[in-house]
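Structure first, then comments.
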Amino acid sequence: MSDQRPAFTDADARAADALIALALDEDLGPDGDDLTSRLLVPADATGGCDVKSRARGVLAGLPIVERILPAVAERTGNAPLELLPIARDGDALHPGSIVASLFGPVRDLLTAERTILNFLTHLSGVATLTRRFVEAVEGTNAVVLDTRKTHPGYRRLEKYAVRCGGGANHRMGLHDACLVKDNHLAAWRERTGERGDLGALVRRVKGELPAEALLIVEVDRHDQFAAVLPAEPDVILLDNLPPEALKQAVAERDAAGSNVKLEASGGVNLDTVRAIAESGVDRISVGALTHSAVALDLGFDWHDAGPPTLP
């Protein structure tokens, strides 16, 4: 794996801030009260904890933790908790790995605990599953991509976690790429009554598309592929085709001297992805990266140490 770390962008930060606010609203209610901590913990009690991994995986989400701490402080009126990162997003974790240390008012540590862990465990789960797919296709030319099958509000953060796992991002949404799918074709035909050449339709769409937007066309039969290839979209998405059919499409694309990228989707899992990649396709999109990732087991280990000291 490359040691290059994924960028946590300004847009990612804005998405994180919105979700952090929602998470704290859910926990603290309209009055901003952590009832249990207020009743059990003295206001002046201070302490520390380590965020530790209890399983093997890949870390994602530390930049979000950095944004949770001032958001909690704003609610409680205390100074933000101190954070000492130990690991970095994209790092491989094993049981016992320390992700970060935190120190400050114990009430704030308890108030922040679940919000911190909810983000870290989920996003690290996405990164972990992505890394498994990336490792499964190692040595081929295939790039592992996510999809739009994300949880509402979490798209940017889940796609960031995919990058932490070594995968790449498909389109962010409906606004930044044109992906012509079977339902679009069905709606177009129903609306217009046309049964014309698919290649001609692709060429028309290309002529109307913003220059910066990709054009991706989904096909699930060889005759559709043969019609679309000469129209030269940016990507042809080969949906639910077996490896033998994928190999044939790659051979025909190469024989035509085309620069069209070929993407496989559908039926992709850890048992099938290697054979799909070995067909020679350029891209493999995997919805499971975001919709089926299991949370990575992380937790707070409490201690009585003083404030973390930066090296």
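Lettering and numbering for the structure tokens are positional, with chains as A, B, ... in the shown order, residues counted from 1 in each chain, and ligands counted from 1 in the shown order.
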
Legend entry - Shell around stretch 142-152 of chain A at 7 Å using only C-alpha atoms, local window under 6 positions removed, as a list in words: Val134, Gly167, Ala168, Asn169, His170, Gly173, Ala277, Val281, Asp282, Arg283, Ile284, Ser285, Val286, Gly287, Leu289, Thr290 and His291 of chain A

Inset, instruction - Using only C-alpha atoms, determine which residues lie at most 7 Å from A:Leu296, disregarding the query and same-chain residues fewer than 4 positions distant; provide the list as a VMD selection string. - result: chain A and resid 55 57 121 to 122 124 to 125

Inset, instruction - Measuring atom to atom with only C-alpha atoms, identify which of A:Pro70, A:Gly47, A:Pro242, A:Pro63 is nearest to A:Asp301. - result: A:Gly47

Legend entry - Within 6 Å of stretch 104-112 of chain A using only C-alpha atoms, minus same-chain residues under 4 positions, as a PyMOL selection string: chain A and resi 37+45-47+81

Selected residues, N, CA and C atoms, written as a PDB file, in the first residue's frame, please.
ATOM      1  N   SER A  37     -23.597  11.792  33.756  1.00  0.00           N
ATOM      2  CA  SER A  37     -22.292  12.346  34.121  1.00  0.00           C
ATOM      3  C   SER A  37     -22.444  13.488  35.125  1.00  0.00           C
ATOM      4  N   ALA A  45     -13.468  17.036  38.242  1.00  0.00           N
ATOM      5  CA  ALA A  45     -12.697  15.804  38.038  1.00  0.00           C
ATOM      6  C   ALA A  45     -12.075  15.807  36.649  1.00  0.00           C
ATOM      7  N   THR A  46     -10.786  15.471  36.604  1.00  0.00           N
ATOM      8  CA  THR A  46     -10.100  15.353  35.318  1.00  0.00           C
ATOM      9  C   THR A  46      -9.509  13.957  35.196  1.00  0.00           C
ATOM     10  N   GLY A  47      -9.286  13.538  33.963  1.00  0.00           N
ATOM     11  CA  GLY A  47      -8.729  12.213  33.717  1.00  0.00           C
ATOM     12  C   GLY A  47      -8.353  12.054  32.265  1.00  0.00           C
ATOM     13  N   LEU A  81     -11.263  19.188  25.210  1.00  0.00           N
ATOM     14  CA  LEU A  81     -10.408  18.078  25.598  1.00  0.00           C
ATOM     15  C   LEU A  81      -9.109  18.114  24.800  1.00  0.00           C
TER      16      LEU A  81
END

Inset, instruction - Give me the residues within 10 Å of A:Leu246 as a PyMOL selection string, counting only C-alpha atoms and dropping any in the same chain fewer than 6 places off. - result: chain A and resi 222+238-240+252+262-264+276-281

Write out as a PDB file with all heavy atoms, in the first residue's frame all residues of stretch 103-152 of chain A that DSSP puts in strand (DSSP E) for this structure's backbone.
ATOM      1  N   PHE A 103      -7.408  13.774  27.158  1.00  0.00           N
ATOM      2  CA  PHE A 103      -7.344  14.196  28.553  1.00  0.00           C
ATOM      3  C   PHE A 103      -8.191  15.441  28.738  1.00  0.00           C
ATOM      4  O   PHE A 103      -8.257  16.310  27.869  1.00  0.00           O
ATOM      5  CB  PHE A 103      -5.905  14.518  28.983  1.00  0.00           C
ATOM      6  CG  PHE A 103      -5.806  14.988  30.396  1.00  0.00           C
ATOM      7  CD1 PHE A 103      -5.754  14.083  31.437  1.00  0.00           C
ATOM      8  CD2 PHE A 103      -5.815  16.342  30.691  1.00  0.00           C
ATOM      9  CE1 PHE A 103      -5.702  14.519  32.763  1.00  0.00           C
ATOM     10  CE2 PHE A 103      -5.761  16.789  32.008  1.00  0.00           C
ATOM     11  CZ  PHE A 103      -5.703  15.871  33.045  1.00  0.00           C
ATOM     12  N   GLY A 104      -8.826  15.521  29.930  1.00  0.00           N
ATOM     13  CA  GLY A 104      -9.589  16.714  30.257  1.00  0.00           C
ATOM     14  C   GLY A 104     -10.644  16.420  31.290  1.00  0.00           C
ATOM     15  O   GLY A 104     -10.568  15.409  32.012  1.00  0.00           O
ATOM     16  N   PRO A 105     -11.668  17.267  31.398  1.00  0.00           N
ATOM     17  CA  PRO A 105     -12.745  17.021  32.353  1.00  0.00           C
ATOM     18  C   PRO A 105     -13.402  15.666  32.091  1.00  0.00           C
ATOM     19  O   PRO A 105     -13.749  15.345  30.950  1.00  0.00           O
ATOM     20  CB  PRO A 105     -13.716  18.174  32.088  1.00  0.00           C
ATOM     21  CG  PRO A 105     -12.882  19.246  31.468  1.00  0.00           C
ATOM     22  CD  PRO A 105     -11.847  18.536  30.666  1.00  0.00           C
ATOM     23  N   VAL A 143      -8.929  -0.850 -10.256  1.00  0.00           N
ATOM     24  CA  VAL A 143      -9.103   0.068  -9.134  1.00  0.00           C
ATOM     25  C   VAL A 143     -10.445  -0.244  -8.469  1.00  0.00           C
ATOM     26  O   VAL A 143     -11.458  -0.416  -9.155  1.00  0.00           O
ATOM     27  CB  VAL A 143      -9.081   1.530  -9.619  1.00  0.00           C
ATOM     28  CG1 VAL A 143      -9.397   2.487  -8.480  1.00  0.00           C
ATOM     29  CG2 VAL A 143      -7.735   1.861 -10.244  1.00  0.00           C
ATOM     30  N   VAL A 144     -10.451  -0.331  -7.145  1.00  0.00           N
ATOM     31  CA  VAL A 144     -11.674  -0.590  -6.388  1.00  0.00           C
ATOM     32  C   VAL A 144     -12.360   0.744  -6.088  1.00  0.00           C
ATOM     33  O   VAL A 144     -11.747   1.660  -5.529  1.00  0.00           O
ATOM     34  CB  VAL A 144     -11.361  -1.337  -5.080  1.00  0.00           C
ATOM     35  CG1 VAL A 144     -12.618  -1.471  -4.220  1.00  0.00           C
ATOM     36  CG2 VAL A 144     -10.775  -2.710  -5.386  1.00  0.00           C
ATOM     37  N   LEU A 145     -13.639   0.838  -6.460  1.00  0.00           N
ATOM     38  CA  LEU A 145     -14.414   2.074  -6.307  1.00  0.00           C
ATOM     39  C   LEU A 145     -15.621   1.850  -5.416  1.00  0.00           C
ATOM     40  O   LEU A 145     -16.186   0.745  -5.372  1.00  0.00           O
ATOM     41  CB  LEU A 145     -14.918   2.549  -7.668  1.00  0.00           C
ATOM     42  CG  LEU A 145     -13.879   2.952  -8.712  1.00  0.00           C
ATOM     43  CD1 LEU A 145     -14.465   2.820 -10.095  1.00  0.00           C
ATOM     44  CD2 LEU A 145     -13.436   4.371  -8.475  1.00  0.00           C
TER      45      LEU A 145
END

Inset, instruction - Output as an MDAnalysis selection string all residues of stretch 92-244 of chain A that backbone DSSP marks as alpha helix (DSSP H). - result: chainID A and resid 106:136 155:164 182:192 198:208 222:228 243:244

Inset, instruction - Identify which of the residues A:Leu120, A:Ala177, A:Leu102, A:Ala231 lies closest to A:Glu212, counting only C-alpha atoms when measuring atom-to-atom distances. - result: A:Ala177

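Using only C-alpha atoms for every distance, the candidate list A:Gln248, A:Ser265, A:Thr9, A:Ser258 yields A:Ser258 as the residue closest to A:Pro230.
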
Legend entry - Residue among A:Ala226, A:Ala11, A:Leu215, A:Leu174 lying closest to A:Asp197, counting only C-alpha atoms: A:Ala226

Inset, instruction - Find, counting only C-alpha atoms, the residue in A:Cys49, A:Ala18, A:Cys164, A:Leu39 that gets nearest to A:Ala92. - result: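 For A:Ala92, the nearest of the given residues is A:Cys164.
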
Legend entry - Atomic separation - atom CA of A:Asp12 relative to atom CA of A:Pro210, Å: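 It comes out at 24.2 Å.
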
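Among the candidates A:Asp10, A:Asp50, A:Ala23, A:Pro95, the residue lying nearest to A:His303 is A:Asp50 (atoms considered: only C-alpha atoms).
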
Inset, instruction - Rounded to one decimal place, report the atom CA of A:Asp44-atom CA of A:Leu83 distance in Å. - result: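 One can read the atom CA of A:Asp44 to atom CA of A:Leu83 distance as 18.9 Å.
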
Inset, instruction - Write out as an MDAnalysis selection string the residues lying within 9 Å of A:Leu214, counting only C-alpha atoms and excluding same-chain residues fewer than 5 positions away. - result: chainID A and resid 171 176:179 209 233:235
